[in-house]
Amino acid sequence: MQSQPRPKPEKAEKQINYNEVPASIRRRPYYIVLPGLIILIGIMIPFVTAITLSLTNFSFKIPVTKFVFLKNWINLFTNKDFYQALGVTLRYALFATGTQMLLGTCAALLLRKDNWFSRLLKVLFTFPLMVAPAIAVLVWQLMTSNTVGVLEDFLNLFGVYNFPWAASRQTAMFTAVLIDTWVNLPFVILLVLAGIQSLPKSPFEAAQVDGASSWFTFKTLTLPLLKPFMYIALLFRLMAALQEFGIIFALTKGGPGNTLMNLSLTGYLTGFTYQNIGKSMPYLLVLWMIVNISAKFIVKRQRRLTLEAAGKQ
Amino acid sequence: MMANDQSQPLASGNLRFRQGTAALSWIGRNLALVCFAVFALFPILWMVTCTLKSDAEMYTTVFNFTPTLSNYRAVLIGTDYFKAFLQNIVVAGGAVLLTIAVGVPAAYGLARYNFKKKEDIAFTILSFKFAPEILVILPVFLIFQKIGLYDTYFGLIWVYQLITMPLLIWVLRGYFEDISVEIEQAAQLDGYRWYEVFWKILLPLIKPGLVASGLLAFIFAWNSFTFPLILSGFKIQTITITSLRYIASDSVHYGHVAVAATVAITPEIIAALFIQKHLVRGLSFGAVKG
């Protein structure tokens, strides 16, 4: 189809035509934004340093720093630790985010009726969300302690004794995800709930008039309209879970063995504890790439879903 | 509703069945919600009870014990925990104040003006939120040691901007966009200078958003673990790092651990109660106007 020359979109009247205002005023927005940007970019200079460092053998142990070009990167891709760390990072992120999205959406749907009980729960659910991940680990270490922990008593009722929690390779990931979920599940609940409360009434009334079953309404109306909100929750949760450091570090420092050594922890241990900064940078740069690519992907999809949802209304 | 022209006994049976399933689903729904609530709250409640137990009773009882304040006394007076608490207030509070000073104008600029690269700048600011903390912090550590900012208040406050500033700018940008331009123009016609418009008209209008996002930024800064772990040493300690020492030590006083955690959480829960109405908007960086 031949495309017609589209009429130029008319500028909103309220916008000021910046060619007519003097330069001093035209530059004002930049002045206003600049201080904030400078402070942030001041902190981000290290990021550029990070790339340079990844090409050197920088370490506190060696007095002279040399360029080693791609040696650190070749080391990385031929190193078993890297693939272990990559696997742990992805598994942890999928496991934690998946659990939270699923349970969070269910809980939000259960809370949709606006009565005193759900209003009270909405307030109470915000409490764990405010707890620092490191402190949350402290709380759960008490809970899961084999001597004073109350969960041991609870599991004894079901005939389970000495559940190993973070101490065993099989259950360490589960324990870390459990703590992560305790802290962050309310985030998903609150966001999806906000989505539910903003649902327009008219399509649902129309569906009811047409006699649509409740499952059909949910599948074709509720879910597509909620998806943009779920994607925002997903974005925040996935980005944080990919980089998770505090919970794992406070819980086991990556152990037992290397069970919980994700890219963040491996980078930290290599760079800070073993003092091979140059060697640690590639781990963290790979992590940064993963985070950025998945963030872009989710943001793009979220925008499309928002448009689709707007079409449905 | 469809009219039901089945014979009477069948219909009533059907009705009873429906009432039965409705009751069942009501029970199921609320049971699930109670489970969620127990999962969310029980750890906090149980921990608070632990703070009141003596070491001996810790092992033998769950809820039935004689309360004592000795744990609080031991942690708050006997150790430098309270010092870390105060230092954490200085660092997190300082970070929020700096963020407000430069972030509020930036949010206004990004909301109100149209200029080249506006969206790029806004997204650059947001992307700081998604930069892996360890990646940023290791080079910062090297630089801070060189220029003497390691283990100082200012060094930490500066780095905390990565947590607090994207949040504040993105949330407040939405609040500024909600205010119509006409209000500003009317004020200007009345003879207000641009800074008077800002102080007397705009600031009061965004105050709820400012308070909420400021408190939320404070909570995030308070909770930060990675930054103080690497960038603070002996001089400055924050609550997250100090608290962990209580479980790492050899002779674990579980009561002390519980006190450390409880005292760290309390200010946050109080702050959260204040900002309930704006919480969703803040948590989603303004993306969801809950």
# chains A, B, ... in the order shown; residues from 1 in each chain; ligands from 1
$ select_by_dssp --residues "stretch 2-93 of chain B" --states "helix (DSSP H, G or I)" --output "PyMOL selection string"
chain B and resi 8-51+55-60+70-78+81-93
$ closest_atom_pairs --of "stretch 169-256 of chain B" --to "stretch 246-263 of chain A" --cutoff "8 Å" --atoms "only C-alpha atoms" --output "Markdown table"
| residue | atom | partner | partner_atom | distance |
| --- | --- | --- | --- | --- |
| B:Phe225 | CA | A:Gly246 | CA | 6.1 |
| B:Thr226 | CA | A:Gly246 | CA | 6.6 |
| B:Leu244 | CA | A:Ala250 | CA | 7.2 |
$ atom_distance --atom1 "atom CA of A:Gly42" --atom2 "atom CA of A:Lys66"
25.5 Å
$ residues_around --residues "A:Thr273" --least-positions-apart "2" --cutoff "12 Å" --atoms "only C-alpha atoms" --output "PDB file with N, CA and C atoms, in the first residue's frame"
ATOM      1  N   SER A  59      45.958  -5.822  40.672  1.00  0.00           N
ATOM      2  CA  SER A  59      45.747  -6.553  41.913  1.00  0.00           C
ATOM      3  C   SER A  59      46.495  -5.826  43.009  1.00  0.00           C
ATOM      4  N   PHE A  60      46.009  -5.963  44.238  1.00  0.00           N
ATOM      5  CA  PHE A  60      46.721  -5.329  45.346  1.00  0.00           C
ATOM      6  C   PHE A  60      48.018  -6.059  45.640  1.00  0.00           C
ATOM      7  N   LYS A  61      48.090  -7.276  45.148  1.00  0.00           N
ATOM      8  CA  LYS A  61      49.250  -8.090  45.492  1.00  0.00           C
ATOM      9  C   LYS A  61      50.448  -7.797  44.595  1.00  0.00           C
ATOM     10  N   LYS A 253      27.632 -16.892  52.099  1.00  0.00           N
ATOM     11  CA  LYS A 253      28.784 -16.399  51.316  1.00  0.00           C
ATOM     12  C   LYS A 253      29.003 -17.240  50.062  1.00  0.00           C
ATOM     13  N   LEU A 265      28.605 -12.740  43.386  1.00  0.00           N
ATOM     14  CA  LEU A 265      29.459 -13.233  44.463  1.00  0.00           C
ATOM     15  C   LEU A 265      30.826 -13.643  43.960  1.00  0.00           C
ATOM     16  N   THR A 266      30.852 -14.309  42.786  1.00  0.00           N
ATOM     17  CA  THR A 266      32.147 -14.708  42.245  1.00  0.00           C
ATOM     18  C   THR A 266      32.991 -13.477  41.966  1.00  0.00           C
ATOM     19  N   GLY A 267      32.368 -12.450  41.396  1.00  0.00           N
ATOM     20  CA  GLY A 267      33.088 -11.211  41.128  1.00  0.00           C
ATOM     21  C   GLY A 267      33.600 -10.588  42.409  1.00  0.00           C
ATOM     22  N   TYR A 268      32.775 -10.582  43.432  1.00  0.00           N
ATOM     23  CA  TYR A 268      33.183  -9.990  44.711  1.00  0.00           C
ATOM     24  C   TYR A 268      34.342 -10.757  45.322  1.00  0.00           C
ATOM     25  N   LEU A 269      34.217 -12.086  45.346  1.00  0.00           N
ATOM     26  CA  LEU A 269      35.272 -12.875  45.982  1.00  0.00           C
ATOM     27  C   LEU A 269      36.579 -12.755  45.215  1.00  0.00           C
ATOM     28  N   THR A 270      36.496 -12.848  43.864  1.00  0.00           N
ATOM     29  CA  THR A 270      37.722 -12.753  43.071  1.00  0.00           C
ATOM     30  C   THR A 270      38.363 -11.383  43.248  1.00  0.00           C
ATOM     31  N   GLY A 271      37.552 -10.356  43.194  1.00  0.00           N
ATOM     32  CA  GLY A 271      38.093  -9.010  43.198  1.00  0.00           C
ATOM     33  C   GLY A 271      38.464  -8.518  44.578  1.00  0.00           C
ATOM     34  N   GLN A 275      41.539 -10.404  45.797  1.00  0.00           N
ATOM     35  CA  GLN A 275      42.251  -9.202  45.364  1.00  0.00           C
ATOM     36  C   GLN A 275      42.751  -9.243  43.924  1.00  0.00           C
ATOM     37  N   ASN A 276      42.043  -9.936  43.051  1.00  0.00           N
ATOM     38  CA  ASN A 276      42.377  -9.898  41.631  1.00  0.00           C
ATOM     39  C   ASN A 276      41.342  -9.065  40.893  1.00  0.00           C
ATOM     40  N   ILE A 277      41.440  -7.762  41.024  1.00  0.00           N
ATOM     41  CA  ILE A 277      40.404  -6.901  40.467  1.00  0.00           C
ATOM     42  C   ILE A 277      40.263  -7.121  38.962  1.00  0.00           C
ATOM     43  N   SER A 280      38.325 -10.127  38.139  1.00  0.00           N
ATOM     44  CA  SER A 280      36.919 -10.170  38.566  1.00  0.00           C
ATOM     45  C   SER A 280      36.022  -9.355  37.643  1.00  0.00           C
TER      46      SER A 280
ATOM     47  N   LEU B 138      33.475  -1.890  43.025  1.00  0.00           N
ATOM     48  CA  LEU B 138      34.891  -2.265  43.112  1.00  0.00           C
ATOM     49  C   LEU B 138      35.807  -1.159  42.585  1.00  0.00           C
ATOM     50  N   ILE B 230      31.662  -2.723  51.334  1.00  0.00           N
ATOM     51  CA  ILE B 230      32.947  -2.510  50.682  1.00  0.00           C
ATOM     52  C   ILE B 230      33.535  -1.141  51.004  1.00  0.00           C
TER      53      ILE B 230
END
$ decode --residues "stretch 113-157 of chain A" --atoms "N, CA and C atoms" --output "PDB file, in the first residue's frame"
ATOM      1  N   LYS A 113     -11.275  -8.312  46.471  1.00  0.00           N
ATOM      2  CA  LYS A 113     -12.481  -7.807  47.144  1.00  0.00           C
ATOM      3  C   LYS A 113     -12.064  -6.736  48.142  1.00  0.00           C
ATOM      4  N   ASP A 114     -12.704  -5.601  48.082  1.00  0.00           N
ATOM      5  CA  ASP A 114     -12.271  -4.484  48.924  1.00  0.00           C
ATOM      6  C   ASP A 114     -13.033  -4.491  50.242  1.00  0.00           C
ATOM      7  N   ASN A 115     -12.588  -5.318  51.195  1.00  0.00           N
ATOM      8  CA  ASN A 115     -13.224  -5.294  52.516  1.00  0.00           C
ATOM      9  C   ASN A 115     -12.167  -5.038  53.576  1.00  0.00           C
ATOM     10  N   TRP A 116     -12.572  -4.991  54.836  1.00  0.00           N
ATOM     11  CA  TRP A 116     -11.614  -4.600  55.878  1.00  0.00           C
ATOM     12  C   TRP A 116     -10.450  -5.569  55.956  1.00  0.00           C
ATOM     13  N   PHE A 117     -10.747  -6.852  55.709  1.00  0.00           N
ATOM     14  CA  PHE A 117      -9.710  -7.868  55.830  1.00  0.00           C
ATOM     15  C   PHE A 117      -8.606  -7.639  54.797  1.00  0.00           C
ATOM     16  N   SER A 118      -8.996  -7.401  53.547  1.00  0.00           N
ATOM     17  CA  SER A 118      -7.950  -7.227  52.531  1.00  0.00           C
ATOM     18  C   SER A 118      -7.248  -5.887  52.693  1.00  0.00           C
ATOM     19  N   ARG A 119      -7.995  -4.871  53.198  1.00  0.00           N
ATOM     20  CA  ARG A 119      -7.312  -3.591  53.445  1.00  0.00           C
ATOM     21  C   ARG A 119      -6.264  -3.738  54.541  1.00  0.00           C
ATOM     22  N   LEU A 120      -6.603  -4.497  55.588  1.00  0.00           N
ATOM     23  CA  LEU A 120      -5.651  -4.732  56.675  1.00  0.00           C
ATOM     24  C   LEU A 120      -4.439  -5.514  56.161  1.00  0.00           C
ATOM     25  N   LEU A 121      -4.724  -6.569  55.375  1.00  0.00           N
ATOM     26  CA  LEU A 121      -3.625  -7.393  54.880  1.00  0.00           C
ATOM     27  C   LEU A 121      -2.694  -6.583  53.998  1.00  0.00           C
ATOM     28  N   LYS A 122      -3.281  -5.675  53.215  1.00  0.00           N
ATOM     29  CA  LYS A 122      -2.460  -4.855  52.327  1.00  0.00           C
ATOM     30  C   LYS A 122      -1.429  -4.055  53.120  1.00  0.00           C
ATOM     31  N   VAL A 123      -1.843  -3.559  54.277  1.00  0.00           N
ATOM     32  CA  VAL A 123      -0.902  -2.814  55.124  1.00  0.00           C
ATOM     33  C   VAL A 123       0.134  -3.760  55.728  1.00  0.00           C
ATOM     34  N   LEU A 124      -0.353  -4.899  56.231  1.00  0.00           N
ATOM     35  CA  LEU A 124       0.572  -5.821  56.907  1.00  0.00           C
ATOM     36  C   LEU A 124       1.609  -6.389  55.940  1.00  0.00           C
ATOM     37  N   PHE A 125       1.178  -6.621  54.690  1.00  0.00           N
ATOM     38  CA  PHE A 125       2.108  -7.194  53.712  1.00  0.00           C
ATOM     39  C   PHE A 125       3.285  -6.271  53.417  1.00  0.00           C
ATOM     40  N   THR A 126       3.134  -4.975  53.713  1.00  0.00           N
ATOM     41  CA  THR A 126       4.250  -4.078  53.393  1.00  0.00           C
ATOM     42  C   THR A 126       5.400  -4.212  54.387  1.00  0.00           C
ATOM     43  N   PHE A 127       5.147  -4.852  55.537  1.00  0.00           N
ATOM     44  CA  PHE A 127       6.203  -4.914  56.550  1.00  0.00           C
ATOM     45  C   PHE A 127       7.450  -5.664  56.085  1.00  0.00           C
ATOM     46  N   PRO A 128       7.304  -6.910  55.613  1.00  0.00           N
ATOM     47  CA  PRO A 128       8.530  -7.613  55.202  1.00  0.00           C
ATOM     48  C   PRO A 128       9.248  -6.896  54.066  1.00  0.00           C
ATOM     49  N   LEU A 129       8.494  -6.198  53.249  1.00  0.00           N
ATOM     50  CA  LEU A 129       9.065  -5.515  52.092  1.00  0.00           C
ATOM     51  C   LEU A 129      10.074  -4.451  52.509  1.00  0.00           C
ATOM     52  N   MET A 130       9.879  -3.913  53.709  1.00  0.00           N
ATOM     53  CA  MET A 130      10.755  -2.843  54.170  1.00  0.00           C
ATOM     54  C   MET A 130      12.021  -3.380  54.820  1.00  0.00           C
ATOM     55  N   VAL A 131      12.030  -4.666  55.120  1.00  0.00           N
ATOM     56  CA  VAL A 131      13.164  -5.234  55.839  1.00  0.00           C
ATOM     57  C   VAL A 131      14.360  -5.368  54.898  1.00  0.00           C
ATOM     58  N   ALA A 132      15.525  -4.948  55.378  1.00  0.00           N
ATOM     59  CA  ALA A 132      16.737  -5.082  54.569  1.00  0.00           C
ATOM     60  C   ALA A 132      17.007  -6.560  54.313  1.00  0.00           C
ATOM     61  N   PRO A 133      17.393  -6.917  53.078  1.00  0.00           N
ATOM     62  CA  PRO A 133      17.665  -8.331  52.788  1.00  0.00           C
ATOM     63  C   PRO A 133      18.639  -8.950  53.782  1.00  0.00           C
ATOM     64  N   ALA A 134      19.673  -8.202  54.155  1.00  0.00           N
ATOM     65  CA  ALA A 134      20.649  -8.768  55.093  1.00  0.00           C
ATOM     66  C   ALA A 134      20.004  -9.048  56.448  1.00  0.00           C
ATOM     67  N   ILE A 135      19.118  -8.142  56.875  1.00  0.00           N
ATOM     68  CA  ILE A 135      18.432  -8.349  58.153  1.00  0.00           C
ATOM     69  C   ILE A 135      17.439  -9.497  58.042  1.00  0.00           C
ATOM     70  N   ALA A 136      16.792  -9.610  56.873  1.00  0.00           N
ATOM     71  CA  ALA A 136      15.863 -10.711  56.657  1.00  0.00           C
ATOM     72  C   ALA A 136      16.589 -12.039  56.804  1.00  0.00           C
ATOM     73  N   VAL A 137      17.811 -12.101  56.301  1.00  0.00           N
ATOM     74  CA  VAL A 137      18.597 -13.327  56.452  1.00  0.00           C
ATOM     75  C   VAL A 137      18.811 -13.630  57.931  1.00  0.00           C
ATOM     76  N   LEU A 138      19.078 -12.580  58.699  1.00  0.00           N
ATOM     77  CA  LEU A 138      19.272 -12.750  60.136  1.00  0.00           C
ATOM     78  C   LEU A 138      18.025 -13.368  60.778  1.00  0.00           C
ATOM     79  N   VAL A 139      16.873 -12.800  60.429  1.00  0.00           N
ATOM     80  CA  VAL A 139      15.615 -13.295  60.976  1.00  0.00           C
ATOM     81  C   VAL A 139      15.430 -14.770  60.634  1.00  0.00           C
ATOM     82  N   TRP A 140      15.680 -15.104  59.370  1.00  0.00           N
ATOM     83  CA  TRP A 140      15.435 -16.489  58.950  1.00  0.00           C
ATOM     84  C   TRP A 140      16.505 -17.437  59.453  1.00  0.00           C
ATOM     85  N   GLN A 141      17.696 -16.925  59.702  1.00  0.00           N
ATOM     86  CA  GLN A 141      18.704 -17.800  60.304  1.00  0.00           C
ATOM     87  C   GLN A 141      18.271 -18.192  61.710  1.00  0.00           C
ATOM     88  N   LEU A 142      17.626 -17.246  62.405  1.00  0.00           N
ATOM     89  CA  LEU A 142      17.066 -17.590  63.710  1.00  0.00           C
ATOM     90  C   LEU A 142      15.943 -18.611  63.557  1.00  0.00           C
ATOM     91  N   MET A 143      15.050 -18.338  62.598  1.00  0.00           N
ATOM     92  CA  MET A 143      13.891 -19.218  62.399  1.00  0.00           C
ATOM     93  C   MET A 143      14.311 -20.641  62.051  1.00  0.00           C
ATOM     94  N   THR A 144      15.360 -20.759  61.221  1.00  0.00           N
ATOM     95  CA  THR A 144      15.730 -22.078  60.720  1.00  0.00           C
ATOM     96  C   THR A 144      16.826 -22.733  61.552  1.00  0.00           C
ATOM     97  N   SER A 145      17.250 -22.052  62.611  1.00  0.00           N
ATOM     98  CA  SER A 145      18.284 -22.649  63.451  1.00  0.00           C
ATOM     99  C   SER A 145      17.802 -23.989  64.010  1.00  0.00           C
ATOM    100  N   ASN A 146      18.699 -24.979  64.019  1.00  0.00           N
ATOM    101  CA  ASN A 146      18.276 -26.303  64.479  1.00  0.00           C
ATOM    102  C   ASN A 146      18.081 -26.358  65.982  1.00  0.00           C
ATOM    103  N   THR A 147      18.673 -25.418  66.715  1.00  0.00           N
ATOM    104  CA  THR A 147      18.539 -25.465  68.166  1.00  0.00           C
ATOM    105  C   THR A 147      17.390 -24.602  68.677  1.00  0.00           C
ATOM    106  N   VAL A 148      17.367 -23.307  68.261  1.00  0.00           N
ATOM    107  CA  VAL A 148      16.324 -22.441  68.812  1.00  0.00           C
ATOM    108  C   VAL A 148      15.222 -22.154  67.799  1.00  0.00           C
ATOM    109  N   GLY A 149      15.411 -22.587  66.557  1.00  0.00           N
ATOM    110  CA  GLY A 149      14.495 -22.195  65.491  1.00  0.00           C
ATOM    111  C   GLY A 149      13.121 -22.799  65.642  1.00  0.00           C
ATOM    112  N   VAL A 150      12.130 -21.991  65.358  1.00  0.00           N
ATOM    113  CA  VAL A 150      10.757 -22.446  65.522  1.00  0.00           C
ATOM    114  C   VAL A 150      10.341 -23.323  64.351  1.00  0.00           C
ATOM    115  N   LEU A 151      10.985 -23.198  63.204  1.00  0.00           N
ATOM    116  CA  LEU A 151      10.604 -24.007  62.041  1.00  0.00           C
ATOM    117  C   LEU A 151      10.953 -25.471  62.246  1.00  0.00           C
ATOM    118  N   GLU A 152      12.001 -25.726  63.034  1.00  0.00           N
ATOM    119  CA  GLU A 152      12.355 -27.107  63.350  1.00  0.00           C
ATOM    120  C   GLU A 152      11.204 -27.766  64.111  1.00  0.00           C
ATOM    121  N   ASP A 153      10.682 -27.046  65.105  1.00  0.00           N
ATOM    122  CA  ASP A 153       9.538 -27.582  65.857  1.00  0.00           C
ATOM    123  C   ASP A 153       8.367 -27.853  64.923  1.00  0.00           C
ATOM    124  N   PHE A 154       8.156 -26.923  63.998  1.00  0.00           N
ATOM    125  CA  PHE A 154       7.035 -27.031  63.078  1.00  0.00           C
ATOM    126  C   PHE A 154       7.195 -28.268  62.189  1.00  0.00           C
ATOM    127  N   LEU A 155       8.400 -28.450  61.631  1.00  0.00           N
ATOM    128  CA  LEU A 155       8.631 -29.582  60.736  1.00  0.00           C
ATOM    129  C   LEU A 155       8.596 -30.909  61.489  1.00  0.00           C
ATOM    130  N   ASN A 156       8.964 -30.871  62.784  1.00  0.00           N
ATOM    131  CA  ASN A 156       8.892 -32.094  63.574  1.00  0.00           C
ATOM    132  C   ASN A 156       7.472 -32.653  63.612  1.00  0.00           C
ATOM    133  N   LEU A 157       6.496 -31.767  63.578  1.00  0.00           N
ATOM    134  CA  LEU A 157       5.095 -32.200  63.575  1.00  0.00           C
ATOM    135  C   LEU A 157       4.816 -33.114  62.386  1.00  0.00           C
TER     136      LEU A 157
END
